[in-house]
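Below is the file structure-v4.cif, which contains mmCIF, C-alpha atoms.
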data_entry
loop_
_atom_site.label_atom_id
_atom_site.label_comp_id
_atom_site.auth_asym_id
_atom_site.auth_seq_id
_atom_site.Cartn_x
_atom_site.Cartn_y
_atom_site.Cartn_z
CA MET Z 1 10.16 -32.48 -7.10
CA THR Z 2 8.87 -32.17 -10.65
CA ASP Z 3 9.38 -29.08 -12.77
CA HIS Z 4 5.72 -28.33 -12.37
CA GLU Z 5 5.88 -28.51 -8.59
CA ALA Z 6 8.76 -26.03 -8.65
CA ILE Z 7 6.59 -23.71 -10.73
CA TRP Z 8 3.65 -24.11 -8.35
CA GLU Z 9 5.90 -23.25 -5.42
CA LEU Z 10 6.75 -20.03 -7.19
CA LEU Z 11 3.10 -19.35 -7.98
CA ALA Z 12 2.24 -19.83 -4.31
CA GLY Z 13 4.75 -17.15 -3.36
CA TYR Z 14 3.52 -14.97 -6.21
CA ALA Z 15 -0.10 -15.17 -5.03
CA LEU Z 16 1.00 -13.98 -1.59
CA ARG Z 17 3.12 -11.21 -3.15
CA SER Z 18 6.15 -12.51 -1.30
CA LEU Z 19 8.60 -13.07 -4.14
CA SER Z 20 11.59 -10.83 -4.70
CA GLY Z 21 14.81 -10.79 -6.69
CA PRO Z 22 15.45 -13.75 -8.99
CA ASP Z 23 12.30 -15.57 -7.88
CA GLY Z 24 10.17 -12.57 -8.80
CA ALA Z 25 11.82 -12.32 -12.19
CA GLU Z 26 11.37 -16.03 -12.78
CA ALA Z 27 7.68 -15.81 -11.87
CA ASP Z 28 7.22 -12.91 -14.28
CA ARG Z 29 8.90 -14.96 -17.00
CA LEU Z 30 6.67 -17.97 -16.33
CA LEU Z 31 3.52 -15.87 -16.19
CA ALA Z 32 4.36 -14.36 -19.56
CA GLY Z 33 5.39 -17.64 -21.15
CA HIS Z 34 4.51 -21.03 -19.73
CA VAL Z 35 1.55 -20.45 -17.45
CA PRO Z 36 -1.01 -19.07 -19.94
CA GLY Z 37 -0.70 -22.22 -22.05
CA CYS Z 38 -0.65 -24.75 -19.21
CA PRO Z 39 -4.06 -25.68 -17.78
CA GLU Z 40 -2.56 -27.14 -14.59
CA CYS Z 41 -0.50 -24.06 -13.86
CA ARG Z 42 -3.43 -21.78 -14.68
CA ASP Z 43 -5.56 -23.74 -12.27
CA HIS Z 44 -2.95 -23.41 -9.53
CA LEU Z 45 -2.55 -19.69 -10.15
CA GLU Z 46 -6.29 -19.11 -10.05
CA SER Z 47 -6.85 -21.20 -6.94
CA PHE Z 48 -3.92 -19.58 -5.11
CA GLY Z 49 -5.30 -16.16 -5.99
CA LEU Z 50 -8.68 -17.13 -4.61
CA LEU Z 51 -7.04 -18.47 -1.46
CA ALA Z 52 -5.22 -15.18 -1.00
CA SER Z 53 -8.51 -13.30 -1.04
CA ASP Z 54 -9.93 -15.87 1.39
CA LEU Z 55 -7.01 -15.11 3.70
CA ALA Z 56 -8.07 -11.48 3.57
CA LEU Z 57 -11.50 -12.49 4.84
CA ALA Z 58 -9.92 -14.23 7.83
CA ILE Z 59 -8.75 -10.90 9.21
CA GLN Z 60 -10.96 -9.20 11.79
CA PRO Z 61 -12.91 -6.70 9.66
CA LEU Z 62 -12.68 -3.09 10.79
CA ASP Z 63 -14.98 -0.20 10.08
CA PRO Z 64 -13.10 2.41 8.06
CA PRO Z 65 -13.54 6.04 9.11
CA ASP Z 66 -16.78 7.53 7.81
CA LEU Z 67 -14.79 10.21 6.06
CA LEU Z 68 -13.12 7.69 3.80
CA LEU Z 69 -16.18 7.25 1.62
CA ALA Z 70 -16.64 11.02 1.49
CA ARG Z 71 -13.01 11.37 0.45
CA LEU Z 72 -13.57 8.80 -2.27
CA HIS Z 73 -16.67 10.60 -3.52
CA ARG Z 74 -14.68 13.81 -3.71
CA ASP Z 75 -11.85 12.17 -5.62
CA MET Z 76 -14.26 10.44 -7.99
CA GLU Z 77 -15.11 13.82 -9.49
CA PRO Z 78 -13.73 14.09 -13.03
CA ASP Z 79 -11.40 17.00 -12.23
CA ALA Z 80 -10.20 15.66 -8.90
CA GLY Z 81 -7.09 13.85 -10.17
CA ALA Z 82 -4.53 16.59 -9.85
CA LEU Z 83 -5.81 17.64 -6.46
CA ARG Z 84 -6.41 14.27 -4.90
CA ARG Z 85 -4.46 15.04 -1.78
CA PHE Z 86 -6.03 18.40 -1.19
CA GLY Z 87 -9.34 18.34 0.61
CA ALA Z 88 -11.78 21.11 -0.05
CA GLY Z 89 -11.70 22.07 3.60
CA TRP Z 90 -7.96 22.23 3.59
CA ILE Z 91 -7.87 24.41 0.49
CA ALA Z 92 -10.37 26.74 2.11
CA ALA Z 93 -8.23 26.84 5.22
CA ALA Z 94 -5.16 27.55 3.12
CA ALA Z 95 -6.93 30.39 1.36
CA ALA Z 96 -7.77 31.83 4.73
CA GLY Z 97 -4.16 31.49 5.85
CA LEU Z 98 -5.08 29.10 8.63
CA VAL Z 99 -2.75 26.23 7.87
CA ALA Z 100 0.39 26.43 9.96
CA LEU Z 101 2.97 23.95 8.87
CA VAL Z 102 5.88 23.77 11.25
CA VAL Z 103 9.24 23.89 9.53
CA LEU Z 104 12.18 23.65 11.84
CA GLY Z 105 15.48 25.24 10.94
CA SER Z 106 15.25 25.53 7.19
CA LEU Z 107 18.73 25.32 5.81
CA ALA Z 108 20.44 25.88 2.54
CA LEU Z 109 23.40 23.65 1.91
CA SER Z 110 25.27 23.06 -1.24
CA GLY Z 111 27.45 20.35 -2.59
CA GLY Z 112 28.63 19.11 -5.92
CA GLY Z 113 27.33 22.23 -7.63
CA THR Z 114 23.81 21.64 -6.29
CA SER Z 115 22.15 23.86 -3.72
CA ALA Z 116 18.71 23.71 -2.22
CA THR Z 117 16.45 25.48 0.23
CA LEU Z 118 13.31 24.34 1.97
CA ALA Z 119 10.46 26.59 3.00
CA VAL Z 120 6.77 26.62 3.76
CA ALA Z 121 4.92 26.65 0.47
CA ASP Z 122 2.68 29.45 -0.67
CA LEU Z 123 -0.40 27.27 -0.50
CA GLN Z 124 -2.65 29.00 -2.96
CA GLN Z 125 0.07 29.20 -5.59
CA ALA Z 126 1.10 25.65 -4.99
CA VAL Z 127 -2.42 24.24 -5.21
CA ALA Z 128 -2.89 26.06 -8.48
CA ALA Z 129 0.49 24.82 -9.71
CA ALA Z 130 -0.34 21.19 -8.99
CA ALA Z 131 -3.35 21.46 -11.26
CA ARG Z 132 -1.39 23.02 -14.11
CA PRO Z 133 -0.83 21.07 -17.34
CA GLY Z 134 2.60 19.50 -17.34
CA ALA Z 135 2.85 19.21 -13.56
CA ARG Z 136 4.41 15.87 -12.69
CA THR Z 137 3.40 14.09 -9.54
CA ASN Z 138 5.62 11.47 -7.97
CA ASP Z 139 3.98 9.40 -5.23
CA LEU Z 140 6.27 9.25 -2.20
CA GLY Z 141 3.74 7.46 -0.06
CA ALA Z 142 2.31 9.84 2.53
CA VAL Z 143 3.25 12.85 0.41
CA ASP Z 144 3.41 13.71 -3.26
CA GLU Z 145 6.38 15.31 -4.96
CA VAL Z 146 5.02 17.79 -7.51
CA ALA Z 147 7.37 19.21 -10.12
CA LEU Z 148 6.59 21.85 -12.71
CA PRO Z 149 8.21 21.89 -16.14
CA ASP Z 150 9.22 25.55 -16.03
CA ARG Z 151 10.82 25.80 -12.61
CA SER Z 152 13.55 24.15 -10.61
CA GLY Z 153 12.73 22.30 -7.45
CA PHE Z 154 9.45 20.80 -6.38
CA TYR Z 155 6.65 20.87 -3.87
CA LEU Z 156 5.98 18.24 -1.24
CA TRP Z 157 2.30 17.79 -0.45
CA GLY Z 158 0.46 15.52 1.86
CA GLU Z 159 -2.66 15.16 3.95
CA ASP Z 160 -2.99 12.69 6.82
CA VAL Z 161 0.79 12.49 7.10
CA PRO Z 162 1.67 10.55 10.26
CA GLN Z 163 3.22 12.62 13.02
CA PRO Z 164 6.76 11.49 13.82
CA SER Z 165 7.32 10.09 17.29
CA PRO Z 166 7.88 12.66 20.04
CA GLY Z 167 11.32 14.19 19.73
CA GLN Z 168 11.66 13.20 16.10
CA VAL Z 169 11.35 15.11 12.85
CA TYR Z 170 11.32 14.35 9.16
CA ARG Z 171 14.49 15.36 7.33
CA LEU Z 172 14.75 15.99 3.63
CA TRP Z 173 17.91 15.04 1.76
CA LEU Z 174 18.95 15.19 -1.86
CA LEU Z 175 21.13 12.43 -3.19
CA VAL Z 176 23.76 13.57 -5.66
CA GLY Z 177 25.78 10.60 -6.87
CA GLN Z 178 26.86 8.73 -3.74
CA ASP Z 179 26.49 11.77 -1.48
CA ALA Z 180 23.41 12.85 0.45
CA TYR Z 181 22.92 16.55 1.16
CA TYR Z 182 20.71 17.77 3.97
CA VAL Z 183 18.13 20.37 2.93
CA GLY Z 184 15.92 20.87 5.96
CA GLN Z 185 13.57 19.29 8.45
CA PHE Z 186 9.86 19.47 9.04
CA VAL Z 187 6.88 18.03 10.85
CA PRO Z 188 3.25 18.00 9.63
CA ASP Z 189 0.87 20.54 11.08
CA PRO Z 190 -1.48 19.18 13.77
CA SER Z 191 -4.00 18.04 11.16
CA GLY Z 192 -1.33 16.05 9.30
CA VAL Z 193 -0.83 18.48 6.42
CA VAL Z 194 2.56 18.91 4.80
CA ALA Z 195 3.09 21.67 2.23
CA ILE Z 196 6.70 22.44 1.44
CA GLN Z 197 8.44 24.23 -1.38
CA VAL Z 198 11.94 23.05 -2.19
CA GLU Z 199 14.05 25.25 -4.41
CA VAL Z 200 16.88 23.40 -6.10
CA ARG Z 201 19.66 24.79 -8.23
CA GLY Z 202 21.61 22.07 -9.98
CA ALA Z 203 21.07 18.37 -10.51
CA TYR Z 204 20.24 15.62 -8.08
CA ASP Z 205 19.41 11.95 -8.35
CA GLU Z 206 16.88 11.21 -5.61
CA VAL Z 207 14.86 12.73 -2.84
CA ILE Z 208 15.17 11.01 0.52
CA ILE Z 209 13.02 11.65 3.58
CA THR Z 210 14.14 10.20 6.89
CA THR Z 211 12.73 10.12 10.39
CA GLU Z 212 15.42 11.27 12.83
CA ASP Z 213 16.01 12.52 16.33
CA ALA Z 214 15.41 16.27 16.26
CA THR Z 215 18.47 16.94 18.42
CA SER Z 216 20.91 14.99 16.26
CA ALA Z 217 23.28 16.78 13.90
CA PRO Z 218 22.13 16.34 10.29
CA GLU Z 219 25.47 15.18 8.95
CA GLU Z 220 24.22 12.21 7.00
CA PRO Z 221 20.90 10.32 6.73
CA SER Z 222 21.03 8.29 9.92
CA GLY Z 223 17.40 7.65 10.74
CA THR Z 224 14.94 5.30 9.19
CA ALA Z 225 14.24 6.03 5.54
CA TRP Z 226 10.65 7.12 5.23
CA SER Z 227 10.51 7.62 1.53
CA VAL Z 228 12.82 7.59 -1.45
CA SER Z 229 11.69 8.89 -4.81
CA SER Z 230 12.27 6.53 -7.69
CA THR Z 231 11.90 9.12 -10.40
CA PRO Z 232 13.71 12.35 -9.62
CA ALA Z 233 11.90 15.56 -10.46
CA THR Z 234 15.13 17.01 -11.82
CA PRO Z 235 17.19 14.16 -13.21
CA ALA Z 236 20.93 14.48 -13.09
CA PRO Z 237 22.35 15.01 -16.59
CA MET G 238 -21.59 -17.82 -2.86
CA GLN G 239 -22.65 -17.88 -6.49
CA ASP G 240 -25.41 -15.39 -5.72
CA LEU G 241 -22.97 -13.01 -4.11
CA ALA G 242 -20.45 -13.38 -6.93
CA ALA G 243 -23.18 -12.81 -9.52
CA GLU G 244 -24.38 -9.71 -7.64
CA ASP G 245 -20.81 -8.42 -7.55
CA VAL G 246 -20.47 -8.85 -11.30
CA GLU G 247 -23.75 -7.01 -11.88
CA LEU G 248 -22.67 -4.21 -9.53
CA HIS G 249 -19.36 -4.00 -11.34
CA ARG G 250 -21.17 -3.78 -14.67
CA ARG G 251 -23.25 -0.88 -13.36
CA LEU G 252 -20.19 0.77 -11.84
CA SER G 253 -18.44 0.53 -15.20
CA ALA G 254 -21.33 2.54 -16.65
CA GLY G 255 -20.75 5.27 -14.06
CA ASP G 256 -23.35 4.21 -11.49
CA ARG G 257 -22.23 5.64 -8.15
CA ASP G 258 -24.84 3.71 -6.22
CA ALA G 259 -23.23 0.50 -7.45
CA PHE G 260 -19.86 1.81 -6.31
CA ASP G 261 -21.27 2.58 -2.88
CA GLU G 262 -22.83 -0.88 -2.65
CA LEU G 263 -19.52 -2.56 -3.43
CA TYR G 264 -17.83 -0.27 -0.92
CA THR G 265 -20.36 -1.20 1.73
CA ARG G 266 -19.77 -4.89 1.03
CA TYR G 267 -16.00 -4.90 1.07
CA ALA G 268 -14.65 -1.80 2.81
CA ARG G 269 -14.58 -3.44 6.26
CA PHE G 270 -12.61 -6.40 4.96
CA ALA G 271 -10.37 -4.17 2.89
CA TYR G 272 -9.67 -1.82 5.78
CA GLY G 273 -9.10 -4.68 8.22
CA LEU G 274 -6.58 -6.19 5.83
CA ALA G 275 -4.83 -2.90 5.11
CA TYR G 276 -4.63 -2.02 8.80
CA ARG G 277 -3.30 -5.46 9.62
CA LEU G 278 -0.50 -4.95 7.11
CA THR G 279 0.39 -1.31 7.68
CA THR G 280 -0.51 -1.05 11.40
CA ASN G 281 -1.18 2.61 10.67
CA THR G 282 -4.60 4.16 10.24
CA ALA G 283 -3.56 6.81 7.72
CA LEU G 284 -1.71 4.36 5.50
CA ALA G 285 -4.51 1.81 5.77
CA GLN G 286 -7.00 4.43 4.65
CA ASP G 287 -4.72 5.36 1.76
CA ALA G 288 -4.48 1.74 0.63
CA VAL G 289 -8.26 1.26 0.68
CA HIS G 290 -8.84 4.67 -0.89
CA ASP G 291 -6.41 4.01 -3.70
CA ALA G 292 -7.83 0.56 -4.42
CA PHE G 293 -11.42 1.75 -4.64
CA LEU G 294 -10.46 4.84 -6.61
CA ALA G 295 -8.54 2.66 -9.06
CA LEU G 296 -11.66 0.52 -9.40
CA TRP G 297 -13.73 3.60 -10.19
CA ARG G 298 -11.26 5.09 -12.64
CA ALA G 299 -10.34 1.89 -14.44
CA PRO G 300 -13.15 -0.63 -13.89
CA GLU G 301 -12.08 -2.51 -17.02
CA ALA G 302 -9.09 -3.80 -15.01
CA TYR G 303 -11.43 -6.39 -13.54
CA ASP G 304 -12.34 -9.14 -15.97
CA PRO G 305 -15.18 -11.33 -14.63
CA SER G 306 -13.98 -14.24 -16.73
CA ARG G 307 -10.76 -14.37 -14.73
CA GLY G 308 -12.20 -14.82 -11.26
CA ALA G 309 -14.39 -13.44 -8.52
CA PHE G 310 -14.65 -9.71 -7.96
CA ARG G 311 -13.64 -10.00 -4.32
CA THR G 312 -10.44 -11.77 -5.36
CA PHE G 313 -9.61 -8.84 -7.61
CA LEU G 314 -10.47 -6.13 -5.13
CA LEU G 315 -8.82 -7.63 -2.06
CA ALA G 316 -5.71 -8.41 -4.09
CA LEU G 317 -5.65 -4.75 -5.11
CA VAL G 318 -5.82 -3.67 -1.48
CA HIS G 319 -3.22 -6.25 -0.43
CA HIS G 320 -0.80 -5.17 -3.16
CA ARG G 321 -1.18 -1.52 -2.32
CA ALA G 322 -0.66 -2.14 1.40
CA VAL G 323 2.36 -4.40 0.84
CA ASP G 324 3.92 -1.82 -1.47
CA THR G 325 3.38 0.80 1.21
CA ILE G 326 5.04 -1.11 4.02
CA ARG G 327 7.97 -2.14 1.89
CA ARG G 328 8.53 1.52 1.08
CA GLU G 329 8.11 2.57 4.64
CA GLU G 330 9.69 -0.15 6.73
CA ARG G 331 9.99 2.35 9.53
CA LEU G 332 6.37 1.72 10.36
CA ARG G 333 7.25 -1.61 11.90
CA ALA G 334 9.13 0.25 14.60
CA ARG G 335 6.62 2.98 15.21
CA GLY G 336 4.90 1.11 17.97
CA GLU G 337 1.35 1.68 16.83
CA ARG G 338 -0.05 -1.80 17.17
CA ALA G 339 -3.02 -2.78 15.10
CA ALA G 340 -6.03 -3.91 17.08
CA ASN G 341 -6.39 -6.96 14.87
CA LEU G 342 -2.82 -8.21 15.02
CA GLU G 343 -3.45 -11.44 16.89
CA PRO G 344 -2.47 -14.57 14.99
CA VAL G 345 -5.41 -15.24 12.74
CA ALA G 346 -5.82 -18.87 13.62
CA SER G 347 -5.94 -18.18 17.35
CA GLU G 348 -8.76 -15.65 17.19
CA ASP G 349 -12.08 -16.62 18.62
CA ILE G 350 -14.19 -17.84 15.75
CA ALA G 351 -17.44 -17.43 17.61
CA ASP G 352 -18.04 -13.94 16.28
CA ALA G 353 -17.34 -15.11 12.75
CA VAL G 354 -19.89 -17.88 12.76
CA THR G 355 -22.55 -15.54 14.08
CA GLU G 356 -22.18 -13.37 11.00
CA ARG G 357 -25.00 -14.31 8.70
CA SER G 358 -23.59 -13.03 5.46
CA TYR G 359 -21.78 -15.29 3.07
CA LEU G 360 -18.57 -13.39 3.69
CA GLY G 361 -18.96 -13.88 7.43
CA ILE G 362 -19.55 -17.60 7.00
CA ARG G 363 -16.62 -17.88 4.64
CA ARG G 364 -14.48 -16.04 7.16
CA GLY G 365 -15.25 -18.65 9.77
CA GLN G 366 -14.44 -21.44 7.33
CA VAL G 367 -11.08 -19.90 6.44
CA ARG G 368 -10.11 -19.47 10.06
CA GLU G 369 -11.08 -23.05 10.77
CA ALA G 370 -9.02 -24.18 7.81
CA LEU G 371 -5.99 -22.25 9.06
CA ARG G 372 -6.05 -24.41 12.18
CA ILE G 373 -5.17 -27.52 10.23
CA LEU G 374 -1.85 -26.07 9.16
CA SER G 375 1.25 -26.95 11.11
CA PRO G 376 2.62 -24.08 13.23
CA GLU G 377 5.56 -23.78 10.83
CA GLN G 378 3.30 -23.56 7.78
CA ARG G 379 1.02 -21.04 9.46
CA GLN G 380 4.00 -18.94 10.47
CA VAL G 381 5.37 -18.49 6.95
CA LEU G 382 1.88 -17.86 5.60
CA GLU G 383 1.16 -15.16 8.17
CA MET G 384 4.55 -13.50 7.73
CA ALA G 385 4.12 -13.45 3.97
CA TYR G 386 0.49 -12.46 3.60
CA TYR G 387 -0.41 -10.58 6.76
CA GLU G 388 2.95 -8.91 7.40
CA GLY G 389 4.06 -8.35 3.82
CA ARG G 390 7.45 -10.06 4.21
CA THR G 391 9.22 -11.47 1.19
CA GLN G 392 10.25 -15.11 1.27
CA VAL G 393 13.88 -14.00 1.46
CA GLN G 394 13.11 -11.86 4.52
CA ILE G 395 11.21 -14.72 6.14
CA ALA G 396 14.15 -17.08 5.60
CA GLN G 397 16.51 -14.56 7.16
CA GLU G 398 14.28 -13.80 10.11
CA LEU G 399 13.59 -17.45 10.89
CA GLY G 400 17.11 -18.60 10.10
CA ILE G 401 15.94 -21.29 7.70
CA PRO G 402 16.80 -21.96 4.06
CA LEU G 403 14.81 -20.10 1.40
CA GLY G 404 13.82 -23.42 -0.09
CA THR G 405 12.18 -24.40 3.19
CA VAL G 406 10.12 -21.21 3.16
CA LYS G 407 8.97 -21.99 -0.37
CA THR G 408 8.10 -25.56 0.50
CA ARG G 409 6.15 -24.59 3.61
CA THR G 410 4.27 -21.87 1.73
CA PHE G 411 3.27 -24.19 -1.07
CA ALA G 412 2.28 -26.95 1.35
CA ALA G 413 0.22 -24.48 3.37
CA LEU G 414 -1.72 -23.23 0.37
CA ARG G 415 -2.27 -26.73 -0.94
CA LYS G 416 -3.58 -27.88 2.43
CA LEU G 417 -5.85 -24.83 2.70
CA ARG G 418 -7.17 -25.39 -0.79
CA GLY G 419 -8.09 -28.95 0.07
CA ALA G 420 -9.79 -27.98 3.30
CA LEU G 421 -11.78 -25.14 1.80
CA LYS G 422 -12.85 -27.20 -1.19
CA GLU G 423 -14.71 -29.47 1.20
CA THR G 424 -16.73 -26.52 2.49
CA GLU G 425 -17.88 -25.27 -0.91
#
Starting from the coordinates I provided, produce the structure as structure tokens.
Amino acid sequence: MTDHEAIWELLAGYALRSLSGPDGAEADRLLAGHVPGCPECRDHLESFGLLASDLALAIQPLDPPDLLLARLHRDMEPDAGALRRFGAGWIAAAAAGLVALVVLGSLALSGGGTSATLAVADLQQAVAAAARPGARTNDLGAVDEVALPDRSGFYLWGEDVPQPSPGQVYRLWLLVGQDAYYVGQFVPDPSGVVAIQVEVRGAYDEVIITTEDATSAPEEPSGTAWSVSSTPATPAP
Amino acid sequence: MQDLAAEDVELHRRLSAGDRDAFDELYTRYARFAYGLAYRLTTNTALAQDAVHDAFLALWRAPEAYDPSRGAFRTFLLALVHHRAVDTIRREERLRARGERAANLEPVASEDIADAVTERSYLGIRRGQVREALRILSPEQRQVLEMAYYEGRTQVQIAQELGIPLGTVKTRTFAALRKLRGALKETE
């Protein structure tokens, strides 16, 4: 195999987004260095990219829900950025006190000098807070972690959050060093809305959400990790 | 194909100037393919919607990210959707065990192509050509391609799951794309 064929093998994996670890790093290095100046490699990269989009066409197309375009139109408004997960209907429902998030057994545990509590958020305050200047939003997938500069803790927000399987709940943990501390458990309301306020005193490194059996003792994260924040709202010093 | 690509570029130009009708037209053209792809990868309706939503919203908010001189618009958009969906499933591996099976999870090459060839649009015709081309791959080549692209697996994961060397996965992937490129070139 020539050096170029080895590069093209990497580019093939890159086009399919299937590289990881050292191969991913090597592809990044080649894309920043060799590839832009090599017509053959550029040609391979371009053709593999086109093939990848052709592979997308091979899938059975599916009609997206009609509401998706409406949701896009709403979020295309200039001031929609900070509130992208909050539908107008949901905000109206929150204002009317209609949203009933189910929080099961909120707990306050402490460890390593850090303590935390989990509770249903005050929706109107929280919606207003998310739109405040300085609010930081961390995408955790189905929910957002919203932190404010002048308060400890954070909010968890989400619409269309998948319901856990019957008998299961989501559990929230804070990672402090090598130790995970259980904060509380929750399920979305029937419409898939999650709105939680987490008060934290002290430092933590990461937020972890797991899916676990509701009857199991929350001694350590034992279920499947649903989401792990990469940028903690309150970094450990 | 050139007509469609040229129309896409013109629609993108209008979208970049804030034309919502152009956005809607591009959505109408590609949302079904984007959603089909996202659903195939995530096997979850909410996450598939999020992937498509985020891709189209990114297009609206930063249309300059697409440079017509670097390729077709559909390549850019569907790559955006694919990346978003792959990132989602890698973050939420639990979804693989949730049991919600996508309706379009059959192996791509084994699907009936009859419905594809009856689609009159260019994209429908192209879809039929791609599925025909997939049939020329060996089962081993098709397997690594489907695991990588349609299931979002990394090459390392594929090697582990199939119990084969990583180098073999790379070789099969490259051979598969090269063979597909040759087959599809003949149809252009």
- Step by step, work through what the PyMOL selection byres ((chain G and resi 272-282) around 7) selects in the shown file, and finish by giving those residues as a list in words. Ala56, Ile59, Gln60, Pro61, Leu62 and Pro64 of chain Z; Ala268, Arg269, Phe270, Ala271, Ala283, Leu284, Ala285, Gln286, Ala288, Val289, Val318, His319, Ala322, Val323, Ile326, Glu337, Arg338, Ala339, Asn341, Leu342, Tyr387, Glu388 and Gly389 of chain G
Atoms to include: C-alpha atoms. Write the selected residues as a PDB file, in the coordinates of the input.
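Saved result, part-v2.pdb, follows:
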ATOM      1  CA  ALA Z  56      -8.070 -11.480   3.570  1.00  0.00           C
ATOM      2  CA  ILE Z  59      -8.750 -10.900   9.210  1.00  0.00           C
ATOM      3  CA  GLN Z  60     -10.960  -9.200  11.790  1.00  0.00           C
ATOM      4  CA  PRO Z  61     -12.910  -6.700   9.660  1.00  0.00           C
ATOM      5  CA  LEU Z  62     -12.680  -3.090  10.790  1.00  0.00           C
ATOM      6  CA  PRO Z  64     -13.100   2.410   8.060  1.00  0.00           C
TER       7      PRO Z  64
ATOM      8  CA  ALA G 268     -14.650  -1.800   2.810  1.00  0.00           C
ATOM      9  CA  ARG G 269     -14.580  -3.440   6.260  1.00  0.00           C
ATOM     10  CA  PHE G 270     -12.610  -6.400   4.960  1.00  0.00           C
ATOM     11  CA  ALA G 271     -10.370  -4.170   2.890  1.00  0.00           C
ATOM     12  CA  ALA G 283      -3.560   6.810   7.720  1.00  0.00           C
ATOM     13  CA  LEU G 284      -1.710   4.360   5.500  1.00  0.00           C
ATOM     14  CA  ALA G 285      -4.510   1.810   5.770  1.00  0.00           C
ATOM     15  CA  GLN G 286      -7.000   4.430   4.650  1.00  0.00           C
ATOM     16  CA  ALA G 288      -4.480   1.740   0.630  1.00  0.00           C
ATOM     17  CA  VAL G 289      -8.260   1.260   0.680  1.00  0.00           C
ATOM     18  CA  VAL G 318      -5.820  -3.670  -1.480  1.00  0.00           C
ATOM     19  CA  HIS G 319      -3.220  -6.250  -0.430  1.00  0.00           C
ATOM     20  CA  ALA G 322      -0.660  -2.140   1.400  1.00  0.00           C
ATOM     21  CA  VAL G 323       2.360  -4.400   0.840  1.00  0.00           C
ATOM     22  CA  ILE G 326       5.040  -1.110   4.020  1.00  0.00           C
ATOM     23  CA  GLU G 337       1.350   1.680  16.830  1.00  0.00           C
ATOM     24  CA  ARG G 338      -0.050  -1.800  17.170  1.00  0.00           C
ATOM     25  CA  ALA G 339      -3.020  -2.780  15.100  1.00  0.00           C
ATOM     26  CA  ASN G 341      -6.390  -6.960  14.870  1.00  0.00           C
ATOM     27  CA  LEU G 342      -2.820  -8.210  15.020  1.00  0.00           C
ATOM     28  CA  TYR G 387      -0.410 -10.580   6.760  1.00  0.00           C
ATOM     29  CA  GLU G 388       2.950  -8.910   7.400  1.00  0.00           C
ATOM     30  CA  GLY G 389       4.060  -8.350   3.820  1.00  0.00           C
TER      31      GLY G 389
END
- Given the file shown, enumerate the residues that the PyMOL selection byres ((chain Z) within 9 of (chain G)) captures and present them as a PyMOL selection string. chain Z and resi 8-13+15-21+46-65+68-69+71-73+75-76+140-142+160-162+164-165+211+224-228
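Picture a line from CA of Ala396 in chain G to CA of Arg327 in chain G; it runs 16.6 Å.
Contact shell of Ala214 in chain Z at 9 Å (all atoms listed in the file; same-chain neighbours under 5 positions omitted): Gly167, Gln168, Val169, Tyr170 and Gln185 of chain Z.
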- Task: Go through Z:Phe186, Z:Ser222, Z:Ser152, Z:Val146 one by one, measure the shortest atom-to-atom distance of each to Gly202 in chain Z using only C-alpha atoms, and give the residue with the smallest value.
- Result: Z:Ser152
- Task: Find the distance between CA of Ser306 in chain G and CA of Pro78 in chain Z and write it in Å to one decimal.
- Result: 28.6 Å
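For the choices G:Ala420, G:Leu252, G:Leu263, G:Ala243, the atom-to-atom distance to Arg372 in chain G is smallest for G:Ala420 when using all atoms listed in the file.
From CA of Lys416 in chain G back to CA of Asp3 in chain Z, the distance works out to 20.0 Å.
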For range 291-309 of chain G, what centre and edge lengths in Å (one decimal) does the axis-aligned box get once 4 Å is added on each side of all its listed atoms, as JSON?
{"center_x": -10.8, "center_y": -4.9, "center_z": -10.4, "size_x": 16.8, "size_y": 27.9, "size_z": 21.3}
- Can you tell me, as a VMD selection string, what residues are no more than 8 Å from Glu220 in chain Z when counting all atoms listed in the file, ignoring any on the same chain fewer than 3 positions away? chain Z and resid 180 to 182
